[in-house]
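**Q** Next up, upload-v3.pdb (PDB, C-alpha atoms and all ligand atoms).
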```pdb
ATOM      1  CA  MET G   1     138.356 115.505  93.101
ATOM      2  CA  LYS G   2     140.468 112.890  91.371
ATOM      3  CA  THR G   3     139.502 109.392  92.482
ATOM      4  CA  GLU G   4     143.017 108.152  91.866
ATOM      5  CA  THR G   5     144.511 110.655  94.329
ATOM      6  CA  VAL G   6     142.219 109.545  97.134
ATOM      7  CA  LEU G   7     142.724 105.866  96.430
ATOM      8  CA  ARG G   8     146.484 106.369  96.582
ATOM      9  CA  GLU G   9     146.377 108.408  99.795
ATOM     10  CA  ILE G  10     144.252 105.857 101.642
ATOM     11  CA  GLY G  11     146.378 102.951 100.389
ATOM     12  CA  ALA G  12     143.460 101.348  98.597
ATOM     13  CA  LYS G  13     143.738  98.052  96.811
ATOM     14  CA  GLU G  14     141.594  97.392  93.747
ATOM     15  CA  LEU G  15     139.100  94.535  93.929
ATOM     16  CA  SER G  16     137.041  95.521  90.890
ATOM     17  CA  GLY G  17     138.314  98.219  88.558
ATOM     18  CA  GLY G  18     136.748 100.993  86.572
ATOM     19  CA  ALA G  19     136.315 103.803  89.092
ATOM     20  CA  ALA G  20     135.143 107.089  87.608
ATOM     21  CA  GLU G  21     138.099 109.439  87.098
ATOM     22  CA  GLU G  22     136.565 112.047  89.360
ATOM     23  CA  PHE G  23     134.049 111.877  92.179
ATOM     24  CA  ASP G  24     131.933 114.745  93.425
ATOM     25  CA  GLY G  25     130.753 113.751  96.868
ATOM     26  CA  VAL G  26     131.071 111.102  99.551
ATOM     27  CA  TYR G  27     128.599 109.041 101.540
ATOM     28  CA  ALA G  28     129.697 106.874 104.455
ATOM     29  CA  GLY G  29     127.256 104.352 105.903
ATOM     30  CA  ASP G  30     126.157 100.753 105.931
ATOM     31  CA  LEU G  31     122.375 100.711 105.915
ATOM     32  CA  LEU G  32     121.310  99.996 102.368
ATOM     33  CA  SER G  33     118.072 101.962 102.174
ATOM     34  CA  ARG G  34     119.846 105.011 103.591
ATOM     35  CA  ALA G  35     122.719 104.597 101.149
ATOM     36  CA  MET G  36     120.179 104.158  98.359
ATOM     37  CA  SER G  37     118.865 107.680  98.866
ATOM     38  CA  HIS G  38     122.108 109.376  99.899
ATOM     39  CA  VAL G  39     124.768 108.037  97.563
ATOM     40  CA  GLY G  40     124.576 110.506  94.694
ATOM     41  CA  GLU G  41     125.632 109.746  91.162
ATOM     42  CA  GLY G  42     129.411 109.958  90.933
ATOM     43  CA  ASN G  43     129.893 109.756  94.705
ATOM     44  CA  LEU G  44     132.317 107.607  96.623
ATOM     45  CA  TRP G  45     130.488 105.243  98.952
ATOM     46  CA  ILE G  46     132.459 104.197 102.010
ATOM     47  CA  THR G  47     131.132 101.174 103.884
ATOM     48  CA  ILE G  48     132.025  97.999 105.710
ATOM     49  CA  MET G  49     129.148  96.082 104.109
ATOM     50  CA  SER G  50     130.322  93.688 101.461
ATOM     51  CA  ASN G  51     127.466  91.444 100.371
ATOM     52  CA  VAL G  52     125.982  91.398  96.895
ATOM     53  CA  ASN G  53     123.308  93.954  97.784
ATOM     54  CA  VAL G  54     126.050  96.579  98.063
ATOM     55  CA  VAL G  55     126.764  95.963  94.381
ATOM     56  CA  ALA G  56     123.090  96.463  93.465
ATOM     57  CA  VAL G  57     122.881  99.741  95.401
ATOM     58  CA  ALA G  58     126.183 101.041  93.977
ATOM     59  CA  SER G  59     125.012 100.167  90.488
ATOM     60  CA  LEU G  60     121.592 101.787  90.894
ATOM     61  CA  THR G  61     123.013 104.956  92.433
ATOM     62  CA  GLU G  62     125.871 105.071  89.911
ATOM     63  CA  ALA G  63     128.460 105.544  92.611
ATOM     64  CA  ALA G  64     131.935 106.469  91.323
ATOM     65  CA  ALA G  65     133.312 103.621  93.453
ATOM     66  CA  VAL G  66     132.717 101.617  96.610
ATOM     67  CA  VAL G  67     135.495 101.872  99.209
ATOM     68  CA  LEU G  68     135.508  99.104 101.806
ATOM     69  CA  ALA G  69     137.070 100.077 105.140
ATOM     70  CA  GLU G  70     138.967  97.997 107.723
ATOM     71  CA  ASP G  71     140.366  95.566 105.162
ATOM     72  CA  VAL G  72     136.914  94.202 104.420
ATOM     73  CA  THR G  73     136.854  92.300 101.145
ATOM     74  CA  MET G  74     134.194  90.793  98.931
ATOM     75  CA  THR G  75     133.837  87.140  98.061
ATOM     76  CA  GLU G  76     134.702  86.156  94.514
ATOM     77  CA  ASP G  77     131.048  85.689  93.464
ATOM     78  CA  VAL G  78     130.173  89.168  94.733
ATOM     79  CA  LEU G  79     133.175  90.622  92.892
ATOM     80  CA  GLU G  80     132.034  88.845  89.771
ATOM     81  CA  ALA G  81     128.664  90.623  90.073
ATOM     82  CA  ALA G  82     130.512  93.908  90.603
ATOM     83  CA  ARG G  83     132.648  93.464  87.485
ATOM     84  CA  GLU G  84     129.644  92.419  85.459
ATOM     85  CA  LYS G  85     127.737  95.547  86.506
ATOM     86  CA  GLY G  86     130.766  97.798  86.130
ATOM     87  CA  VAL G  87     130.866  98.634  89.851
ATOM     88  CA  ALA G  88     134.344  99.647  91.020
ATOM     89  CA  VAL G  89     135.354  98.311  94.454
ATOM     90  CA  TYR G  90     138.439  99.085  96.571
ATOM     91  CA  THR G  91     139.556  98.095 100.035
ATOM     92  CA  THR G  92     141.801  99.774 102.588
ATOM     93  CA  GLY G  93     142.967  99.050 106.127
ATOM     94  CA  LEU G  94     141.777 102.461 107.322
ATOM     95  CA  THR G  95     138.549 102.906 109.265
ATOM     96  CA  VAL G  96     135.600 104.789 107.800
ATOM     97  CA  TYR G  97     136.524 107.792 109.959
ATOM     98  CA  GLU G  98     140.161 107.738 108.834
ATOM     99  CA  ILE G  99     139.155 107.541 105.169
ATOM    100  CA  CYS G 100     136.811 110.509 105.580
ATOM    101  CA  ALA G 101     139.534 112.462 107.368
ATOM    102  CA  VAL G 102     142.001 111.860 104.513
ATOM    103  CA  ILE G 103     139.445 112.941 101.905
ATOM    104  CA  HIS G 104     138.593 115.999 103.946
ATOM    105  CA  SER G 105     142.200 117.134 104.266
ATOM    106  CA  LEU G 106     142.782 116.535 100.545
ATOM    107  CA  SER G 107     139.784 118.680  99.713
ATOM    108  CA  GLU G 108     141.013 121.464 102.022
ATOM    109  CA  LYS G 109     144.375 121.370 100.265
ATOM    110  CA  ALA G 110     142.667 121.583  96.881
ATOM    111  CA  LEU G 111     140.929 124.833  97.825
TER
ATOM    112  CA  MET Q   1     106.712 107.426  72.307
ATOM    113  CA  ALA Q   2     103.657 106.195  70.437
ATOM    114  CA  GLU Q   3     102.881 103.077  72.422
ATOM    115  CA  ASN Q   4     103.237 102.379  76.111
ATOM    116  CA  VAL Q   5     106.196 100.185  76.979
ATOM    117  CA  THR Q   6     105.716  97.506  79.629
ATOM    118  CA  PHE Q   7     108.052  95.229  81.530
ATOM    119  CA  HIS Q   8     107.169  92.263  83.705
ATOM    120  CA  PHE Q   9     109.394  90.542  86.274
ATOM    121  CA  ASP Q  10     109.001  87.655  88.670
ATOM    122  CA  VAL Q  11     110.867  88.457  91.865
ATOM    123  CA  ASP Q  12     112.236  85.486  93.795
ATOM    124  CA  GLY Q  13     111.636  85.317  97.534
ATOM    125  CA  GLU Q  14     114.588  85.005  99.926
ATOM    126  CA  ASN Q  15     116.994  85.134  96.999
ATOM    127  CA  PHE Q  16     119.444  87.775  98.047
ATOM    128  CA  THR Q  17     121.905  87.100  95.293
ATOM    129  CA  SER Q  18     119.570  88.382  92.621
ATOM    130  CA  ALA Q  19     117.713  90.890  94.788
ATOM    131  CA  GLY Q  20     117.523  94.205  92.969
ATOM    132  CA  GLU Q  21     117.987  92.558  89.592
ATOM    133  CA  ALA Q  22     114.618  93.733  88.215
ATOM    134  CA  SER Q  23     115.379  97.305  89.277
ATOM    135  CA  VAL Q  24     118.793  97.223  87.613
ATOM    136  CA  LEU Q  25     117.179  95.949  84.385
ATOM    137  CA  VAL Q  26     114.414  98.548  84.458
ATOM    138  CA  LYS Q  27     116.995 101.250  84.936
ATOM    139  CA  LYS Q  28     118.843 100.083  81.842
ATOM    140  CA  LYS Q  29     115.603 100.044  79.804
ATOM    141  CA  LEU Q  30     114.573 103.517  80.955
ATOM    142  CA  ARG Q  31     117.947 104.829  79.906
ATOM    143  CA  GLN Q  32     117.489 103.277  76.460
ATOM    144  CA  LEU Q  33     114.095 104.981  76.263
ATOM    145  CA  GLY Q  34     115.857 108.277  76.898
ATOM    146  CA  LEU Q  35     114.127 109.295  80.137
ATOM    147  CA  SER Q  36     115.778 112.036  82.182
ATOM    148  CA  PRO Q  37     118.419 111.005  84.749
ATOM    149  CA  GLU Q  38     116.301 112.471  87.551
ATOM    150  CA  VAL Q  39     113.254 110.376  86.615
ATOM    151  CA  ILE Q  40     115.425 107.286  86.236
ATOM    152  CA  ARG Q  41     116.979 107.839  89.646
ATOM    153  CA  ARG Q  42     113.608 108.233  91.342
ATOM    154  CA  VAL Q  43     112.144 105.155  89.654
ATOM    155  CA  SER Q  44     115.265 103.132  90.494
ATOM    156  CA  ILE Q  45     115.203 103.994  94.192
ATOM    157  CA  ALA Q  46     111.458 103.404  94.584
ATOM    158  CA  MET Q  47     111.436 100.178  92.637
ATOM    159  CA  TYR Q  48     114.538  98.799  94.362
ATOM    160  CA  GLU Q  49     113.055  99.376  97.809
ATOM    161  CA  GLY Q  50     109.761  97.767  96.801
ATOM    162  CA  GLU Q  51     111.503  94.851  95.145
ATOM    163  CA  ILE Q  52     113.680  94.218  98.196
ATOM    164  CA  ASN Q  53     110.649  94.422 100.483
ATOM    165  CA  MET Q  54     108.953  91.687  98.459
ATOM    166  CA  VAL Q  55     112.085  89.562  98.802
ATOM    167  CA  ILE Q  56     112.638  90.021 102.529
ATOM    168  CA  HIS Q  57     109.096  90.471 103.836
ATOM    169  CA  ALA Q  58     106.827  88.641 101.401
ATOM    170  CA  ASP Q  59     108.681  85.714  99.855
ATOM    171  CA  GLY Q  60     108.757  87.330  96.420
ATOM    172  CA  GLY Q  61     106.164  88.618  93.996
ATOM    173  CA  THR Q  62     105.826  90.317  90.646
ATOM    174  CA  ALA Q  63     106.876  93.693  89.326
ATOM    175  CA  ASP Q  64     105.161  95.387  86.398
ATOM    176  CA  VAL Q  65     106.468  98.621  84.984
ATOM    177  CA  THR Q  66     104.597 100.692  82.400
ATOM    178  CA  VAL Q  67     106.157 103.675  80.698
ATOM    179  CA  THR Q  68     103.728 106.123  79.097
ATOM    180  CA  ASP Q  69     104.409 109.535  77.588
ATOM    181  CA  ASP Q  70     103.610 111.148  80.917
ATOM    182  CA  GLU Q  71     104.686 108.789  83.654
ATOM    183  CA  VAL Q  72     106.309 105.590  84.820
ATOM    184  CA  ILE Q  73     103.911 103.302  86.691
ATOM    185  CA  ILE Q  74     105.344 100.595  88.934
ATOM    186  CA  VAL Q  75     103.073  97.882  90.324
ATOM    187  CA  LEU Q  76     104.563  95.484  92.881
ATOM    188  CA  ALA Q  77     102.324  92.609  93.925
ATOM    189  CA  ASP Q  78     103.014  89.864  96.421
ATOM    190  CA  ARG Q  79     101.175  87.103  98.238
ATOM    191  CA  GLY Q  80     103.018  87.694 101.462
ATOM    192  CA  PRO Q  81     101.671  88.241 104.989
ATOM    193  CA  GLY Q  82     100.280  91.721 104.314
ATOM    194  CA  ILE Q  83     101.012  94.848 106.359
ATOM    195  CA  PRO Q  84      98.996  95.043 109.614
ATOM    196  CA  ASP Q  85      99.426  98.780 110.180
ATOM    197  CA  ILE Q  86     100.350 100.830 107.135
ATOM    198  CA  SER Q  87     100.912 104.128 108.933
ATOM    199  CA  LEU Q  88     103.266 102.399 111.353
ATOM    200  CA  ALA Q  89     105.102 100.683 108.495
ATOM    201  CA  MET Q  90     105.448 104.048 106.737
ATOM    202  CA  GLN Q  91     107.265 105.590 109.698
ATOM    203  CA  GLU Q  92     110.974 106.190 109.216
ATOM    204  CA  GLY Q  93     112.900 103.654 111.264
ATOM    205  CA  TYR Q  94     110.102 101.131 111.696
ATOM    206  CA  SER Q  95     111.218  97.648 110.663
ATOM    207  CA  THR Q  96     110.346  94.064 111.446
ATOM    208  CA  ALA Q  97     113.425  92.734 109.609
ATOM    209  CA  ARG Q  98     115.007  89.758 111.372
ATOM    210  CA  ASP Q  99     118.607  89.815 112.587
ATOM    211  CA  ASN Q 100     119.945  87.742 109.696
ATOM    212  CA  ILE Q 101     118.408  90.261 107.296
ATOM    213  CA  ARG Q 102     119.734  93.226 109.262
ATOM    214  CA  ALA Q 103     123.211  91.726 109.097
ATOM    215  CA  LEU Q 104     123.027  92.275 105.338
ATOM    216  CA  GLY Q 105     122.365  95.994 105.780
ATOM    217  CA  PHE Q 106     118.583  95.968 105.502
ATOM    218  CA  GLY Q 107     116.215  97.022 108.248
ATOM    219  CA  ALA Q 108     116.806 100.777 108.487
ATOM    220  CA  GLY Q 109     113.058 101.151 108.135
ATOM    221  CA  MET Q 110     113.613 103.600 105.287
ATOM    222  CA  GLY Q 111     112.341 101.583 102.319
ATOM    223  CA  LEU Q 112     108.669 102.587 102.355
ATOM    224  CA  PRO Q 113     109.504 106.223 103.308
ATOM    225  CA  ASN Q 114     111.944 106.344 100.365
ATOM    226  CA  MET Q 115     109.285 104.948  98.025
ATOM    227  CA  LYS Q 116     106.887 107.675  99.127
ATOM    228  CA  LYS Q 117     109.508 110.399  98.932
ATOM    229  CA  TYR Q 118     110.794 109.596  95.454
ATOM    230  CA  THR Q 119     107.457 109.029  93.704
ATOM    231  CA  ASP Q 120     104.607 111.387  92.845
ATOM    232  CA  SER Q 121     101.994 108.971  94.146
ATOM    233  CA  MET Q 122     102.002 105.722  96.049
ATOM    234  CA  GLU Q 123      99.071 103.518  96.962
ATOM    235  CA  ILE Q 124      99.247 100.475  99.196
ATOM    236  CA  GLU Q 125      96.563  97.809  99.092
ATOM    237  CA  THR Q 126      97.132  95.100 101.642
ATOM    238  CA  GLU Q 127      95.187  92.306 103.260
ATOM    239  CA  LEU Q 128      96.522  90.178 106.075
ATOM    240  CA  GLY Q 129      97.339  86.675 104.946
ATOM    241  CA  VAL Q 130      96.556  87.548 101.337
ATOM    242  CA  GLY Q 131      99.224  89.943 100.163
ATOM    243  CA  THR Q 132     100.213  93.461  99.298
ATOM    244  CA  THR Q 133     100.041  95.469  96.090
ATOM    245  CA  ILE Q 134     101.877  98.762  95.850
ATOM    246  CA  THR Q 135     101.309 101.118  92.928
ATOM    247  CA  MET Q 136     103.731 103.981  92.434
ATOM    248  CA  LYS Q 137     103.809 106.675  89.782
ATOM    249  CA  VAL Q 138     106.650 108.925  88.754
ATOM    250  CA  SER Q 139     105.874 111.793  86.398
ATOM    251  CA  CYS Q 140     108.180 112.080  83.397
ATOM    252  CA  LYS Q 141     107.709 115.828  83.267
ATOM    253  CA  ASP Q 142     110.566 117.273  85.256
ATOM    254  CA  ALA Q 143     109.360 119.281  88.203
TER
HETATM  255  N1  LIG Y   1     105.621  93.727 100.827
HETATM  256  C1  LIG Y   1     105.520  93.683 102.165
HETATM  257  N2  LIG Y   1     104.833  92.675 102.781
HETATM  258  C2  LIG Y   1     104.720  92.627 104.118
HETATM  259  N3  LIG Y   1     105.265  93.530 104.956
HETATM  260  C3  LIG Y   1     105.963  94.551 104.422
HETATM  261  C4  LIG Y   1     106.137  94.688 103.003
HETATM  262  N4  LIG Y   1     106.856  95.806 102.776
HETATM  263  C5  LIG Y   1     107.122  96.333 103.970
HETATM  264  N5  LIG Y   1     106.590  95.598 104.980
HETATM  265  C6  LIG Y   1     106.633  95.889 106.432
HETATM  266  O1  LIG Y   1     106.877  97.276 106.597
HETATM  267  C7  LIG Y   1     108.078  97.471 107.386
HETATM  268  C8  LIG Y   1     108.790  98.719 106.911
HETATM  269  O2  LIG Y   1     109.270  98.551 105.574
HETATM  270  P1  LIG Y   1     110.513  99.413 105.091
HETATM  271  O3  LIG Y   1     110.847  99.028 103.704
HETATM  272  O4  LIG Y   1     110.250 100.859 105.343
HETATM  273  O5  LIG Y   1     111.681  98.984 106.097
HETATM  274  P2  LIG Y   1     112.522  97.618 106.110
HETATM  275  O6  LIG Y   1     112.300  96.874 104.842
HETATM  276  O7  LIG Y   1     112.205  96.899 107.366
HETATM  277  O8  LIG Y   1     114.006  98.176 106.170
HETATM  278  P3  LIG Y   1     114.809  98.889 104.961
HETATM  279  O9  LIG Y   1     113.871  99.042 103.818
HETATM  280  O10 LIG Y   1     115.254 100.215 105.504
HETATM  281  O11 LIG Y   1     115.956  98.003 104.652
HETATM  282  C9  LIG Y   1     108.865  96.195 107.196
HETATM  283  O12 LIG Y   1     109.798  95.969 108.221
HETATM  284  C10 LIG Y   1     107.741  95.152 107.151
HETATM  285  O13 LIG Y   1     107.292  94.867 108.448
HETATM  286 MG    MG Y   2     112.498  97.817 103.013
END
```
Would you give me this structure, written as structure tokens?
**A**
Amino acid sequence: MKTETVLREIGAKELSGGAAEEFDGVYAGDLLSRAMSHVGEGNLWITIMSNVNVVAVASLTEAAAVVLAEDVTMTEDVLEAAREKGVAVYTTGLTVYEICAVIHSLSEKAL
Amino acid sequence: MAENVTFHFDVDGENFTSAGEASVLVKKKLRQLGLSPEVIRRVSIAMYEGEINMVIHADGGTADVTVTDDEVIIVLADRGPGIPDISLAMQEGYSTARDNIRALGFGAGMGLPNMKKYTDSMEIETELGVGTTITMKVSCKDA
């Protein structure tokens, strides 16, 4: 699915650019060692965690982008680490559930 | 590859801003060496979890990675408190992480289980009050 379409539909704001054009799966969750094994390469990772360890996990898993829910943002030093590692980060006012629901209905439409 | 390639890292204790840095670097190196994405992913996950454990549970340590023709060997050594009960520590969900650490997203108790799951072998040597050394091997031959 096109990353851009989802980002538009959930009203996402870019904090660190460079999201992969397409993503091919989604993981939602905040515990890092669970995310580490479940965020697949090219997946969107939806979370409310925003410290620098999120950047390390997103970089190691090669997530397509990190989407922060509930208007969570990252501090400037964390964003700097994200840009340096090429990790794309977006934020939206929607909850994790609402984001997942939007992605789900988009994927149903695409079928 | 004619010669083995080795990397050495000192991992800072309680430094969460650079936690995972060694794993990110190793990943980059393995990619340059042309290892398969699957092997790189497994090494990255296992090494990251071990590196983070040294940071949050053992006040830092060292990481040594050796790449041979057949496998990637990761040795993580620390002088932390040691692990009193390895089989308990290996259980999914078991964690002694403090609240301030959990607030950062650690403490699922999945680190050691992930290390076991994503490597072909894992050995833990630990002595209370002396430290812990974990040796993990990932075969380069795709299963
Ligand atoms: N290097 C170490 N030195 C001392 N104790 C350790 C070390 N590594 C792990 N432990 C102990 O084993 C427990 C389980 O480790 P594990 O990595 O599975 O979970 P965690 O680190 O607590 O949480 P998570 O990895 O999911 O964020 C830890 O809570 C800690 O008590
Ligand atoms: Mg751990």
**Q** When the PyMOL selection byres (((not hetatm)) within 10 of (chain Y and resi 2)) is applied to the file above, which residues end up in the set, as a list in words?
**A** Leu32 and Ser33 of chain G; Tyr48, Glu49, Gly50, Glu51, Ile52, Asn53, Met54, Val55, Ile56, His57, Ala89, Tyr94, Ser95, Thr96, Ala97, Phe106, Gly107, Ala108, Gly109, Met110, Gly111, Leu112, Pro113, Asn114 and Met115 of chain Q
**Q** Show me a table, sorted first by chain and then by increasing residue number, of the residues of chain G having an atom at most 8 Å from chain Q, each with its shortest atom pair and the distance in Å to one decimal, counting all atoms listed in the file and written as a Markdown table.
**A**
```
| residue | atom | partner | partner_atom | distance |
| --- | --- | --- | --- | --- |
| G:Asp30 | CA | Q:Gly105 | CA | 6.1 |
| G:Leu31 | CA | Q:Gly105 | CA | 4.7 |
| G:Leu32 | CA | Q:Gly105 | CA | 5.4 |
| G:Ser33 | CA | Q:Met110 | CA | 5.7 |
| G:Arg34 | CA | Q:Met110 | CA | 6.6 |
| G:Met36 | CA | Q:Ile45 | CA | 6.5 |
| G:Ser37 | CA | Q:Ile45 | CA | 7.0 |
| G:Met49 | CA | Q:Gly105 | CA | 7.0 |
| G:Asn51 | CA | Q:Leu104 | CA | 6.7 |
| G:Val52 | CA | Q:Thr17 | CA | 6.1 |
| G:Asn53 | CA | Q:Ala19 | CA | 7.0 |
| G:Ala56 | CA | Q:Gly20 | CA | 6.0 |
| G:Ser59 | CA | Q:Val24 | CA | 7.5 |
| G:Leu60 | CA | Q:Val24 | CA | 6.3 |
| G:Thr61 | CA | Q:Arg41 | CA | 7.2 |
```
**Q** Expanded to explicit residues, what is the PyMOL selection byres (((chain G and resi 62-64) around 8) and not hetatm) for this file, as an NGL selection string?
**A** :G and (19-20 or 22-23 or 39-45 or 58-61 or 65-66 or 87-88)
**Q** Counting only C-alpha atoms, what is within 12 Å of range 104-106 of chain G, bar same-chain residues fewer than 6 positions away, as a list in words?
**A**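 Using only C-alpha atoms, the neighbours found are Met1, Lys2, Thr3, Thr5, Val6, Leu7, Arg8, Glu9, Ile10, Gly25, Val26, Tyr97 and Glu98 of chain G.
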**Q** As AutoDock Vina command-line options, what would the box around range 22-36 of chain Q look like: edges along x, y and z, 3 Å added on every side, centre and edge lengths in Å to one decimal?
**A**
```
--center_x 116.5 --center_y 102.9 --center_z 82.8 --size_x 10.7 --size_y 24.3 --size_z 19.0
```
**Q** Run through the PyMOL selection byres (((chain G and resi 11) around 12) and not hetatm) on the given coordinates and return the selected residues as a short mmCIF file (atom, residue, chain, number, x, y, z; two decimals) with C-alpha atoms, in the frame of the given file.
**A**
```
data_model
loop_
_atom_site.label_atom_id
_atom_site.label_comp_id
_atom_site.auth_asym_id
_atom_site.auth_seq_id
_atom_site.Cartn_x
_atom_site.Cartn_y
_atom_site.Cartn_z
CA GLU G 4 143.02 108.15 91.87
CA THR G 5 144.51 110.66 94.33
CA VAL G 6 142.22 109.54 97.13
CA LEU G 7 142.72 105.87 96.43
CA ARG G 8 146.48 106.37 96.58
CA GLU G 9 146.38 108.41 99.80
CA ILE G 10 144.25 105.86 101.64
CA ALA G 12 143.46 101.35 98.60
CA LYS G 13 143.74 98.05 96.81
CA GLU G 14 141.59 97.39 93.75
CA VAL G 67 135.50 101.87 99.21
CA LEU G 68 135.51 99.10 101.81
CA ALA G 69 137.07 100.08 105.14
CA GLU G 70 138.97 98.00 107.72
CA ASP G 71 140.37 95.57 105.16
CA TYR G 90 138.44 99.08 96.57
CA THR G 91 139.56 98.10 100.04
CA THR G 92 141.80 99.77 102.59
CA GLY G 93 142.97 99.05 106.13
CA LEU G 94 141.78 102.46 107.32
CA THR G 95 138.55 102.91 109.26
CA GLU G 98 140.16 107.74 108.83
CA ILE G 99 139.16 107.54 105.17
CA VAL G 102 142.00 111.86 104.51
#
```
**Q** Could you work out how far CA of Ile83 in chain Q lies from CA of Glu127 in chain Q, giving the answer in Å with one decimal?
**A**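 CA of Ile83 in chain Q lies at a distance of 7.1 Å from CA of Glu127 in chain Q.
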**Q** May I have the residues within 12 Å of Ser36 in chain Q as a PyMOL selection string, using all atoms listed in the file and disregarding those fewer than 2 positions away in the same chain?
**A** chain Q and resi 27+30-34+38-43+71-72+138-143
**Q** Suppose you want the space between CA of Phe9 in chain Q and CA of Thr132 in chain Q; what is it in Å?
**A** 16.2 Å
**Q** Could you tell me how far atom P2 of ligand LIG 1 (chain Y) lies from CA of Gln91 in chain Q, in Å and to one decimal?
**A**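 Those two atoms sit 10.2 Å apart.
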**Q** Taking only C-alpha atoms into account, which of Q:Ile74, Q:Met136, Q:Leu88, Q:Val11 comes nearest Ala58 in chain Q?
**A**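 Ranking Q:Ile74, Q:Met136, Q:Leu88, Q:Val11 by distance to Ala58 in chain Q, first place goes to Q:Val11.
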**Q** Write out as a ChimeraX atom specification which residues come within 7 Å of Leu76 in chain Q when counting all atoms listed in the file, dropping same-chain ones fewer than 4 positions away.
**A** /Q:50,62-64,133-135
**Q** I want to know what sits within 8 Å of Ala82 in chain G, based on all atoms listed in the file, with residues of the same chain fewer than 6 positions away left out; could you give that as a PyMOL selection string?
**A** chain G and resi 16+55+88-89
**Q** Please identify all polymer residues lying at most 8 Å from the point (131.2, 106.2, 106.1) (file coordinates), using only C-alpha atoms, and present the result as a ChimeraX atom specification.
**A** /G:27-30,45-47,96-97,100
**Q** Okay, now the selection with C-alpha atoms, as a PDB file, in the frame of the given file?
**A**
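Result file out.pdb:
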```pdb
ATOM      1  CA  TYR G  27     128.599 109.041 101.540  1.00  0.00           C
ATOM      2  CA  ALA G  28     129.697 106.874 104.455  1.00  0.00           C
ATOM      3  CA  GLY G  29     127.256 104.352 105.903  1.00  0.00           C
ATOM      4  CA  ASP G  30     126.157 100.753 105.931  1.00  0.00           C
ATOM      5  CA  TRP G  45     130.488 105.243  98.952  1.00  0.00           C
ATOM      6  CA  ILE G  46     132.459 104.197 102.010  1.00  0.00           C
ATOM      7  CA  THR G  47     131.132 101.174 103.884  1.00  0.00           C
ATOM      8  CA  VAL G  96     135.600 104.789 107.800  1.00  0.00           C
ATOM      9  CA  TYR G  97     136.524 107.792 109.959  1.00  0.00           C
ATOM     10  CA  CYS G 100     136.811 110.509 105.580  1.00  0.00           C
TER      11      CYS G 100
END
```
